[in-house]
$ cat data.cif   # mmCIF, N, CA and C atoms
data_target
#
loop_
_atom_site.label_atom_id
_atom_site.label_comp_id
_atom_site.auth_asym_id
_atom_site.auth_seq_id
_atom_site.Cartn_x
_atom_site.Cartn_y
_atom_site.Cartn_z
N MET R 1 37.30 1.05 3.14
CA MET R 1 36.29 0.26 3.84
C MET R 1 35.08 1.12 4.18
N ARG R 2 35.31 2.32 4.61
CA ARG R 2 34.21 3.20 5.02
C ARG R 2 33.29 3.55 3.85
N ILE R 3 33.87 3.79 2.68
CA ILE R 3 33.07 4.15 1.51
C ILE R 3 32.18 2.99 1.07
N THR R 4 32.66 1.76 1.23
CA THR R 4 31.83 0.62 0.84
C THR R 4 30.62 0.48 1.76
N ARG R 5 30.79 0.79 3.03
CA ARG R 5 29.64 0.73 3.95
C ARG R 5 28.62 1.79 3.58
N ILE R 6 29.08 2.99 3.26
CA ILE R 6 28.16 4.07 2.90
C ILE R 6 27.42 3.72 1.61
N ILE R 7 28.11 3.14 0.65
CA ILE R 7 27.46 2.72 -0.60
C ILE R 7 26.45 1.62 -0.30
N THR R 8 26.79 0.70 0.59
CA THR R 8 25.87 -0.36 0.98
C THR R 8 24.61 0.22 1.59
N TRP R 9 24.78 1.20 2.46
CA TRP R 9 23.61 1.83 3.10
C TRP R 9 22.75 2.55 2.07
N ALA R 10 23.39 3.23 1.11
CA ALA R 10 22.64 3.95 0.08
C ALA R 10 21.85 2.97 -0.80
N VAL R 11 22.49 1.88 -1.21
CA VAL R 11 21.81 0.87 -2.02
C VAL R 11 20.66 0.24 -1.22
N ALA R 12 20.90 -0.03 0.06
CA ALA R 12 19.85 -0.61 0.90
C ALA R 12 18.67 0.35 1.02
N ALA R 13 18.94 1.64 1.15
CA ALA R 13 17.85 2.62 1.24
C ALA R 13 17.04 2.68 -0.05
N VAL R 14 17.72 2.61 -1.20
CA VAL R 14 17.02 2.64 -2.48
C VAL R 14 16.15 1.39 -2.64
N ILE R 15 16.70 0.24 -2.25
CA ILE R 15 15.92 -1.00 -2.31
C ILE R 15 14.71 -0.88 -1.39
N GLY R 16 14.89 -0.28 -0.21
CA GLY R 16 13.78 -0.05 0.70
C GLY R 16 12.72 0.86 0.09
N LEU R 17 13.16 1.87 -0.65
CA LEU R 17 12.21 2.76 -1.32
C LEU R 17 11.36 1.99 -2.34
N VAL R 18 11.99 1.11 -3.09
CA VAL R 18 11.27 0.32 -4.11
C VAL R 18 10.26 -0.62 -3.45
N TYR R 19 10.73 -1.37 -2.44
CA TYR R 19 9.82 -2.28 -1.75
C TYR R 19 8.72 -1.53 -1.01
N GLY R 20 9.06 -0.40 -0.44
CA GLY R 20 8.06 0.41 0.26
C GLY R 20 7.00 0.93 -0.68
N ALA R 21 7.41 1.35 -1.88
CA ALA R 21 6.42 1.82 -2.86
C ALA R 21 5.50 0.69 -3.28
N ALA R 22 6.08 -0.49 -3.55
CA ALA R 22 5.25 -1.63 -3.93
C ALA R 22 4.31 -2.03 -2.80
N GLY R 23 4.81 -2.04 -1.57
CA GLY R 23 3.97 -2.40 -0.42
C GLY R 23 2.88 -1.38 -0.16
N THR R 24 3.21 -0.10 -0.30
CA THR R 24 2.23 0.96 -0.04
C THR R 24 1.11 0.93 -1.08
N ILE R 25 1.47 0.67 -2.32
CA ILE R 25 0.45 0.60 -3.37
C ILE R 25 -0.33 -0.71 -3.27
N GLY R 26 0.35 -1.81 -2.99
CA GLY R 26 -0.29 -3.12 -2.98
C GLY R 26 -1.07 -3.46 -1.72
N GLN R 27 -0.85 -2.72 -0.64
CA GLN R 27 -1.50 -3.08 0.63
C GLN R 27 -3.02 -2.97 0.59
N ALA R 28 -3.55 -2.27 -0.35
CA ALA R 28 -5.00 -2.07 -0.42
C ALA R 28 -5.74 -3.20 -1.13
N VAL R 29 -5.03 -4.15 -1.72
CA VAL R 29 -5.68 -5.23 -2.47
C VAL R 29 -6.42 -6.15 -1.50
N MET R 30 -7.68 -6.35 -1.79
CA MET R 30 -8.52 -7.21 -0.96
C MET R 30 -9.05 -8.35 -1.81
N TRP R 31 -9.20 -9.50 -1.19
CA TRP R 31 -9.83 -10.65 -1.83
C TRP R 31 -11.06 -10.95 -0.99
N GLY R 32 -12.16 -10.37 -1.37
CA GLY R 32 -13.35 -10.41 -0.53
C GLY R 32 -13.09 -9.54 0.71
N LEU R 33 -13.16 -10.16 1.86
CA LEU R 33 -12.83 -9.45 3.09
C LEU R 33 -11.41 -9.74 3.58
N PHE R 34 -10.66 -10.53 2.80
CA PHE R 34 -9.31 -10.94 3.18
C PHE R 34 -8.28 -9.96 2.61
N PRO R 35 -7.47 -9.31 3.47
CA PRO R 35 -6.51 -8.30 3.01
C PRO R 35 -5.24 -8.93 2.43
N VAL R 36 -5.33 -9.51 1.25
CA VAL R 36 -4.20 -10.19 0.62
C VAL R 36 -3.02 -9.24 0.42
N GLY R 37 -3.29 -8.04 -0.06
CA GLY R 37 -2.23 -7.08 -0.33
C GLY R 37 -1.45 -6.71 0.91
N LEU R 38 -2.14 -6.51 2.01
CA LEU R 38 -1.49 -6.15 3.27
C LEU R 38 -0.60 -7.28 3.76
N ILE R 39 -1.10 -8.49 3.71
CA ILE R 39 -0.33 -9.65 4.19
C ILE R 39 0.91 -9.86 3.33
N VAL R 40 0.75 -9.78 2.01
CA VAL R 40 1.89 -9.94 1.11
C VAL R 40 2.90 -8.81 1.32
N ALA R 41 2.42 -7.59 1.51
CA ALA R 41 3.32 -6.45 1.72
C ALA R 41 4.12 -6.60 3.00
N ILE R 42 3.48 -7.02 4.08
CA ILE R 42 4.18 -7.19 5.36
C ILE R 42 5.18 -8.35 5.28
N ILE R 43 4.77 -9.47 4.68
CA ILE R 43 5.68 -10.62 4.55
C ILE R 43 6.86 -10.25 3.65
N GLY R 44 6.60 -9.58 2.54
CA GLY R 44 7.67 -9.18 1.63
C GLY R 44 8.65 -8.21 2.27
N THR R 45 8.13 -7.24 2.98
CA THR R 45 9.01 -6.26 3.63
C THR R 45 9.80 -6.91 4.76
N THR R 46 9.17 -7.78 5.51
CA THR R 46 9.89 -8.50 6.57
C THR R 46 11.00 -9.35 5.97
N GLY R 47 10.69 -10.05 4.89
CA GLY R 47 11.70 -10.86 4.21
C GLY R 47 12.85 -10.02 3.69
N LEU R 48 12.53 -8.86 3.12
CA LEU R 48 13.58 -7.97 2.64
C LEU R 48 14.48 -7.51 3.77
N LEU R 49 13.89 -7.06 4.87
CA LEU R 49 14.69 -6.56 6.00
C LEU R 49 15.55 -7.66 6.60
N VAL R 50 14.99 -8.86 6.74
CA VAL R 50 15.77 -9.98 7.27
C VAL R 50 16.91 -10.34 6.31
N ALA R 51 16.63 -10.34 5.02
CA ALA R 51 17.66 -10.68 4.04
C ALA R 51 18.79 -9.66 4.04
N VAL R 52 18.45 -8.38 4.06
CA VAL R 52 19.50 -7.35 4.07
C VAL R 52 20.32 -7.45 5.34
N ARG R 53 19.64 -7.63 6.45
CA ARG R 53 20.36 -7.73 7.73
C ARG R 53 21.24 -8.97 7.76
N SER R 54 20.76 -10.09 7.25
CA SER R 54 21.53 -11.34 7.26
C SER R 54 22.69 -11.31 6.27
N LEU R 55 22.44 -10.82 5.07
CA LEU R 55 23.47 -10.85 4.04
C LEU R 55 24.58 -9.84 4.27
N THR R 56 24.25 -8.70 4.85
CA THR R 56 25.28 -7.70 5.10
C THR R 56 25.88 -7.82 6.49
N ALA R 57 25.21 -8.52 7.40
CA ALA R 57 25.63 -8.63 8.80
C ALA R 57 25.84 -7.25 9.41
N ASP R 58 24.97 -6.33 9.03
CA ASP R 58 25.09 -4.94 9.46
C ASP R 58 23.72 -4.40 9.84
N ARG R 59 23.57 -4.02 11.10
CA ARG R 59 22.30 -3.43 11.55
C ARG R 59 21.99 -2.16 10.79
N TRP R 60 23.01 -1.37 10.48
CA TRP R 60 22.81 -0.09 9.82
C TRP R 60 22.27 -0.26 8.41
N ALA R 61 22.66 -1.30 7.72
CA ALA R 61 22.10 -1.56 6.39
C ALA R 61 20.63 -1.93 6.51
N GLY R 62 20.30 -2.72 7.52
CA GLY R 62 18.89 -3.04 7.77
C GLY R 62 18.09 -1.80 8.12
N LEU R 63 18.70 -0.92 8.91
CA LEU R 63 18.02 0.32 9.28
C LEU R 63 17.84 1.23 8.06
N ALA R 64 18.85 1.29 7.19
CA ALA R 64 18.74 2.11 5.98
C ALA R 64 17.60 1.60 5.09
N THR R 65 17.49 0.28 4.98
CA THR R 65 16.40 -0.31 4.20
C THR R 65 15.05 0.05 4.82
N ALA R 66 14.96 -0.08 6.13
CA ALA R 66 13.71 0.24 6.83
C ALA R 66 13.35 1.71 6.68
N LEU R 67 14.34 2.58 6.77
CA LEU R 67 14.08 4.01 6.60
C LEU R 67 13.59 4.31 5.18
N GLY R 68 14.12 3.62 4.19
CA GLY R 68 13.64 3.78 2.82
C GLY R 68 12.18 3.39 2.70
N VAL R 69 11.82 2.26 3.30
CA VAL R 69 10.43 1.80 3.26
C VAL R 69 9.52 2.81 3.98
N MET R 70 9.95 3.27 5.15
CA MET R 70 9.12 4.21 5.91
C MET R 70 9.00 5.56 5.21
N LEU R 71 10.09 6.02 4.58
CA LEU R 71 10.06 7.31 3.89
C LEU R 71 9.09 7.29 2.72
N ILE R 72 9.15 6.28 1.89
CA ILE R 72 8.25 6.23 0.73
C ILE R 72 6.80 6.00 1.18
N THR R 73 6.61 5.27 2.27
CA THR R 73 5.26 5.10 2.80
C THR R 73 4.70 6.45 3.25
N LEU R 74 5.53 7.25 3.90
CA LEU R 74 5.11 8.58 4.33
C LEU R 74 4.79 9.47 3.13
N VAL R 75 5.66 9.45 2.12
CA VAL R 75 5.45 10.29 0.94
C VAL R 75 4.19 9.88 0.19
N LEU R 76 4.00 8.58 -0.01
CA LEU R 76 2.83 8.12 -0.76
C LEU R 76 1.54 8.19 0.04
N SER R 77 1.63 8.36 1.34
CA SER R 77 0.42 8.45 2.17
C SER R 77 -0.19 9.85 2.16
N GLY R 78 0.58 10.81 1.70
CA GLY R 78 0.07 12.18 1.64
C GLY R 78 -0.70 12.44 0.37
N ARG R 79 -1.26 13.63 0.29
CA ARG R 79 -2.01 14.04 -0.91
C ARG R 79 -1.01 14.41 -2.00
N GLY R 80 -1.20 13.86 -3.19
CA GLY R 80 -0.31 14.12 -4.31
C GLY R 80 -0.56 15.49 -4.91
N PRO R 81 0.30 15.93 -5.85
CA PRO R 81 0.14 17.26 -6.44
C PRO R 81 -1.18 17.41 -7.21
N GLY R 82 -1.69 16.32 -7.73
CA GLY R 82 -2.96 16.38 -8.45
C GLY R 82 -4.15 16.13 -7.54
N GLY R 83 -3.90 15.97 -6.25
CA GLY R 83 -4.97 15.73 -5.30
C GLY R 83 -5.25 14.26 -5.06
N SER R 84 -4.50 13.37 -5.71
CA SER R 84 -4.75 11.94 -5.55
C SER R 84 -4.14 11.44 -4.24
N ILE R 85 -4.75 10.40 -3.70
CA ILE R 85 -4.30 9.81 -2.44
C ILE R 85 -4.14 8.31 -2.65
N VAL R 86 -2.94 7.79 -2.38
CA VAL R 86 -2.69 6.36 -2.55
C VAL R 86 -3.22 5.60 -1.34
N VAL R 87 -3.01 6.14 -0.16
CA VAL R 87 -3.47 5.50 1.07
C VAL R 87 -4.53 6.40 1.70
N PRO R 88 -5.81 6.12 1.41
CA PRO R 88 -6.86 6.98 1.96
C PRO R 88 -7.02 6.80 3.46
N ALA R 89 -7.41 7.86 4.12
CA ALA R 89 -7.65 7.80 5.56
C ALA R 89 -8.93 7.02 5.82
N PRO R 90 -8.95 6.21 6.89
CA PRO R 90 -10.18 5.46 7.19
C PRO R 90 -11.25 6.38 7.75
N ALA R 91 -12.48 5.94 7.63
CA ALA R 91 -13.58 6.69 8.23
C ALA R 91 -13.45 6.63 9.75
N ASP R 92 -14.08 7.56 10.41
CA ASP R 92 -14.00 7.59 11.87
C ASP R 92 -14.46 6.28 12.48
N GLY R 93 -13.64 5.73 13.36
CA GLY R 93 -13.97 4.49 14.04
C GLY R 93 -13.62 3.24 13.27
N GLU R 94 -13.07 3.37 12.07
CA GLU R 94 -12.71 2.21 11.26
C GLU R 94 -11.20 2.02 11.25
N LEU R 95 -10.79 0.80 10.94
CA LEU R 95 -9.38 0.46 10.83
C LEU R 95 -9.12 0.03 9.39
N SER R 96 -8.23 0.72 8.71
CA SER R 96 -7.96 0.40 7.30
C SER R 96 -6.64 -0.34 7.16
N THR R 97 -6.46 -0.97 6.01
CA THR R 97 -5.20 -1.66 5.74
C THR R 97 -4.06 -0.65 5.65
N GLY R 98 -4.36 0.55 5.17
CA GLY R 98 -3.33 1.59 5.09
C GLY R 98 -2.80 1.98 6.46
N LEU R 99 -3.68 2.07 7.42
CA LEU R 99 -3.27 2.40 8.79
C LEU R 99 -2.45 1.26 9.40
N ILE R 100 -2.89 0.04 9.17
CA ILE R 100 -2.14 -1.13 9.67
C ILE R 100 -0.76 -1.16 9.02
N TRP R 101 -0.68 -0.91 7.71
CA TRP R 101 0.60 -0.90 6.99
C TRP R 101 1.53 0.17 7.57
N THR R 102 0.99 1.34 7.82
CA THR R 102 1.79 2.44 8.34
C THR R 102 2.37 2.13 9.71
N ILE R 103 1.64 1.37 10.52
CA ILE R 103 2.12 1.00 11.85
C ILE R 103 3.01 -0.24 11.79
N ALA R 104 2.69 -1.19 10.91
CA ALA R 104 3.43 -2.46 10.85
C ALA R 104 4.87 -2.27 10.38
N VAL R 105 5.11 -1.36 9.45
CA VAL R 105 6.46 -1.19 8.91
C VAL R 105 7.46 -0.79 9.99
N PRO R 106 7.20 0.24 10.82
CA PRO R 106 8.18 0.56 11.86
C PRO R 106 8.32 -0.53 12.92
N VAL R 107 7.25 -1.25 13.21
CA VAL R 107 7.32 -2.32 14.21
C VAL R 107 8.21 -3.46 13.69
N VAL R 108 7.98 -3.88 12.44
CA VAL R 108 8.79 -4.93 11.84
C VAL R 108 10.25 -4.48 11.75
N ALA R 109 10.46 -3.23 11.35
CA ALA R 109 11.82 -2.70 11.23
C ALA R 109 12.53 -2.72 12.59
N ALA R 110 11.84 -2.31 13.62
CA ALA R 110 12.45 -2.29 14.95
C ALA R 110 12.84 -3.69 15.41
N VAL R 111 11.98 -4.66 15.16
CA VAL R 111 12.28 -6.04 15.57
C VAL R 111 13.48 -6.58 14.80
N VAL R 112 13.50 -6.38 13.48
CA VAL R 112 14.59 -6.92 12.66
C VAL R 112 15.91 -6.24 12.99
N VAL R 113 15.91 -4.94 13.15
CA VAL R 113 17.15 -4.22 13.42
C VAL R 113 17.65 -4.52 14.83
N ALA R 114 16.75 -4.66 15.79
CA ALA R 114 17.16 -4.89 17.18
C ALA R 114 17.47 -6.35 17.49
N TRP R 115 17.12 -7.26 16.57
CA TRP R 115 17.34 -8.69 16.81
C TRP R 115 18.83 -8.96 17.03
N PRO R 116 19.18 -9.81 17.99
CA PRO R 116 20.61 -10.09 18.23
C PRO R 116 21.27 -10.71 17.01
N HIS R 117 22.56 -10.45 16.87
CA HIS R 117 23.33 -11.00 15.77
C HIS R 117 23.47 -12.50 15.97
N VAL R 118 22.98 -13.29 15.04
CA VAL R 118 22.91 -14.74 15.19
C VAL R 118 24.30 -15.37 15.24
N ALA R 119 25.20 -14.96 14.37
CA ALA R 119 26.54 -15.56 14.34
C ALA R 119 27.29 -15.33 15.64
N ALA R 120 27.12 -14.16 16.24
CA ALA R 120 27.81 -13.86 17.50
C ALA R 120 27.28 -14.75 18.62
N SER R 121 25.98 -14.97 18.65
CA SER R 121 25.43 -15.81 19.71
C SER R 121 25.81 -17.27 19.50
N ARG R 122 25.97 -17.70 18.25
CA ARG R 122 26.40 -19.07 17.99
C ARG R 122 27.86 -19.26 18.37
N SER R 123 28.69 -18.26 18.08
CA SER R 123 30.12 -18.40 18.35
C SER R 123 30.41 -18.41 19.85
N ARG R 124 29.56 -17.79 20.64
CA ARG R 124 29.76 -17.81 22.09
C ARG R 124 29.55 -19.21 22.66
N GLY R 125 28.74 -20.03 21.98
CA GLY R 125 28.44 -21.37 22.46
C GLY R 125 29.47 -22.40 22.08
N ARG R 126 30.43 -22.06 21.22
CA ARG R 126 31.44 -23.02 20.79
C ARG R 126 32.61 -23.04 21.75
N SER R 127 33.20 -24.19 21.86
CA SER R 127 34.42 -24.30 22.65
C SER R 127 35.61 -23.99 21.76
N PRO R 128 36.78 -23.67 22.32
CA PRO R 128 37.93 -23.29 21.51
C PRO R 128 38.42 -24.38 20.57
N ASP R 129 38.13 -25.66 20.84
CA ASP R 129 38.64 -26.71 19.98
C ASP R 129 37.69 -27.09 18.85
N THR R 130 36.57 -26.38 18.71
CA THR R 130 35.66 -26.68 17.62
C THR R 130 36.06 -25.91 16.38
N GLY R 131 35.77 -26.48 15.24
CA GLY R 131 36.10 -25.85 13.97
C GLY R 131 35.06 -24.80 13.61
N PRO R 132 35.19 -24.18 12.43
CA PRO R 132 34.28 -23.13 12.04
C PRO R 132 32.85 -23.60 11.84
N LEU R 133 32.65 -24.88 11.61
CA LEU R 133 31.30 -25.39 11.44
C LEU R 133 30.77 -26.05 12.71
N GLY R 134 31.50 -25.90 13.80
CA GLY R 134 31.06 -26.48 15.05
C GLY R 134 31.49 -27.91 15.25
N ASP R 135 32.28 -28.46 14.31
CA ASP R 135 32.72 -29.84 14.45
C ASP R 135 34.00 -29.89 15.30
N HIS R 136 34.29 -31.02 15.82
CA HIS R 136 35.47 -31.18 16.71
C HIS R 136 36.65 -31.71 15.94
N THR R 137 37.00 -31.05 14.85
CA THR R 137 38.15 -31.49 14.06
C THR R 137 39.33 -30.58 14.35
N THR R 138 40.47 -31.14 14.29
CA THR R 138 41.69 -30.35 14.45
C THR R 138 42.46 -30.40 13.16
N SER R 139 43.10 -29.33 12.84
CA SER R 139 43.86 -29.30 11.60
C SER R 139 45.31 -29.58 11.91
N THR R 140 45.92 -30.39 11.06
CA THR R 140 47.35 -30.68 11.22
C THR R 140 48.07 -30.16 10.00
N ASN R 141 49.11 -29.45 10.25
CA ASN R 141 49.89 -28.89 9.14
C ASN R 141 51.22 -29.55 9.04
#

$ encode --input "data.cif" --output "C-alpha cells"
Amino acid sequence: MRITRIITWAVAAVIGLVYGAAGTIGQAVMWGLFPVGLIVAIIGTTGLLVAVRSLTADRWAGLATALGVMLITLVLSGRGPGGSIVVPAPADGELSTGLIWTIAVPVVAAVVVAWPHVAASRSRGRSPDTGPLGDHTTSTN
C-alpha cells in the first residue's frame, strides 16, 4: 500500500511539472490587453489540482502536483543557459502576467490542498440508517 502512494505522488509531481511548464510558457499570451494565457493557465492548473485531489482523495497527491507546478515555474523563470528568459521581469512599477502567475500558483495550491475533504463532511451529515447514497433504504438479506 505504501509503495502505491509514493508512486501516485511521483506521477502527480510529473503531471504538475508538465502543466506548470505549459502554464509558465502560455501565461504570456495576450489578446490585445486581455491576458488570455494567464487566465487559461490559472484555470487549467486549478482544474488539475482539484481533479488530482478529488480523484485520489489524498491531500499529499494534490500537494505533489502543486510542488511540480511551482518547481517548473521557478526553473523556467530563471535565466537559461543560453541567456534566454521565459518569464521576463516587469519594469519598475509595473505588474506583469509572469509575476501574477508566480503568485497565483502557490495561492491556488494552498486553497486546493487545504480545502476540507468533501466526502468526510457529507458523511458526517448522514444518519446511521441512510444508505451509501444518502437514501433511506434498508437492505434485507

$ atom_distance --input "data.cif" --atom1 "atom CA of R:Gly98" --atom2 "atom C of R:Leu71"
13.9 Å

$ resolve_selection --input "data.cif" --expression "the PyMOL selection byres ((chain R and resi 57-64) around 6)" --output "PyMOL selection string"
chain R and resi 8-9+12-13+49+52-56+65-68+113

$ resolve_selection --input "data.cif" --expression "the PyMOL selection byres ((chain R and resi 82-88) around 8)" --output "PyMOL selection string"
chain R and resi 24-25+28+75-81+89-91+96-99

$ write_last_selection --input "data.cif" --atoms "N, CA and C atoms" --output "PDB file, in the coordinates of the input"
ATOM      1  N   THR R  24       3.210  -0.100  -0.300  1.00  0.00           N
ATOM      2  CA  THR R  24       2.230   0.960  -0.040  1.00  0.00           C
ATOM      3  C   THR R  24       1.110   0.930  -1.080  1.00  0.00           C
ATOM      4  N   ILE R  25       1.470   0.670  -2.320  1.00  0.00           N
ATOM      5  CA  ILE R  25       0.450   0.600  -3.370  1.00  0.00           C
ATOM      6  C   ILE R  25      -0.330  -0.710  -3.270  1.00  0.00           C
ATOM      7  N   ALA R  28      -3.550  -2.270  -0.350  1.00  0.00           N
ATOM      8  CA  ALA R  28      -5.000  -2.070  -0.420  1.00  0.00           C
ATOM      9  C   ALA R  28      -5.740  -3.200  -1.130  1.00  0.00           C
ATOM     10  N   VAL R  75       5.660   9.450   2.120  1.00  0.00           N
ATOM     11  CA  VAL R  75       5.450  10.290   0.940  1.00  0.00           C
ATOM     12  C   VAL R  75       4.190   9.880   0.190  1.00  0.00           C
ATOM     13  N   LEU R  76       4.000   8.580  -0.010  1.00  0.00           N
ATOM     14  CA  LEU R  76       2.830   8.120  -0.760  1.00  0.00           C
ATOM     15  C   LEU R  76       1.540   8.190   0.040  1.00  0.00           C
ATOM     16  N   SER R  77       1.630   8.360   1.340  1.00  0.00           N
ATOM     17  CA  SER R  77       0.420   8.450   2.170  1.00  0.00           C
ATOM     18  C   SER R  77      -0.190   9.850   2.160  1.00  0.00           C
ATOM     19  N   GLY R  78       0.580  10.810   1.700  1.00  0.00           N
ATOM     20  CA  GLY R  78       0.070  12.180   1.640  1.00  0.00           C
ATOM     21  C   GLY R  78      -0.700  12.440   0.370  1.00  0.00           C
ATOM     22  N   ARG R  79      -1.260  13.630   0.290  1.00  0.00           N
ATOM     23  CA  ARG R  79      -2.010  14.040  -0.910  1.00  0.00           C
ATOM     24  C   ARG R  79      -1.010  14.410  -2.000  1.00  0.00           C
ATOM     25  N   GLY R  80      -1.200  13.860  -3.190  1.00  0.00           N
ATOM     26  CA  GLY R  80      -0.310  14.120  -4.310  1.00  0.00           C
ATOM     27  C   GLY R  80      -0.560  15.490  -4.910  1.00  0.00           C
ATOM     28  N   PRO R  81       0.300  15.930  -5.850  1.00  0.00           N
ATOM     29  CA  PRO R  81       0.140  17.260  -6.440  1.00  0.00           C
ATOM     30  C   PRO R  81      -1.180  17.410  -7.210  1.00  0.00           C
ATOM     31  N   ALA R  89      -7.410   7.860   4.120  1.00  0.00           N
ATOM     32  CA  ALA R  89      -7.650   7.800   5.560  1.00  0.00           C
ATOM     33  C   ALA R  89      -8.930   7.020   5.820  1.00  0.00           C
ATOM     34  N   PRO R  90      -8.950   6.210   6.890  1.00  0.00           N
ATOM     35  CA  PRO R  90     -10.180   5.460   7.190  1.00  0.00           C
ATOM     36  C   PRO R  90     -11.250   6.380   7.750  1.00  0.00           C
ATOM     37  N   ALA R  91     -12.480   5.940   7.630  1.00  0.00           N
ATOM     38  CA  ALA R  91     -13.580   6.690   8.230  1.00  0.00           C
ATOM     39  C   ALA R  91     -13.450   6.630   9.750  1.00  0.00           C
ATOM     40  N   SER R  96      -8.230   0.720   8.710  1.00  0.00           N
ATOM     41  CA  SER R  96      -7.960   0.400   7.300  1.00  0.00           C
ATOM     42  C   SER R  96      -6.640  -0.340   7.160  1.00  0.00           C
ATOM     43  N   THR R  97      -6.460  -0.970   6.010  1.00  0.00           N
ATOM     44  CA  THR R  97      -5.200  -1.660   5.740  1.00  0.00           C
ATOM     45  C   THR R  97      -4.060  -0.650   5.650  1.00  0.00           C
ATOM     46  N   GLY R  98      -4.360   0.550   5.170  1.00  0.00           N
ATOM     47  CA  GLY R  98      -3.330   1.590   5.090  1.00  0.00           C
ATOM     48  C   GLY R  98      -2.800   1.980   6.460  1.00  0.00           C
ATOM     49  N   LEU R  99      -3.680   2.070   7.420  1.00  0.00           N
ATOM     50  CA  LEU R  99      -3.270   2.400   8.790  1.00  0.00           C
ATOM     51  C   LEU R  99      -2.450   1.260   9.400  1.00  0.00           C
TER      52      LEU R  99
END

$ atom_distance --input "data.cif" --atom1 "atom C of R:Ala109" --atom2 "atom C of R:Trp31"
28.4 Å

$ atom_distance --input "data.cif" --atom1 "atom N of R:Thr45" --atom2 "atom C of R:Gly93"
26.2 Å

$ select_by_dssp --input "data.cif" --residues "chain R" --states "strand (DSSP E or B)" --output "NGL selection string"
:R and (31 or 34 or 79 or 85)

$ closest_residue --input "data.cif" --among "R:Ile15, R:Ala51, R:Ile7, R:Ile100" --to "R:Gln27" --atoms "only C-alpha atoms"
R:Ile100
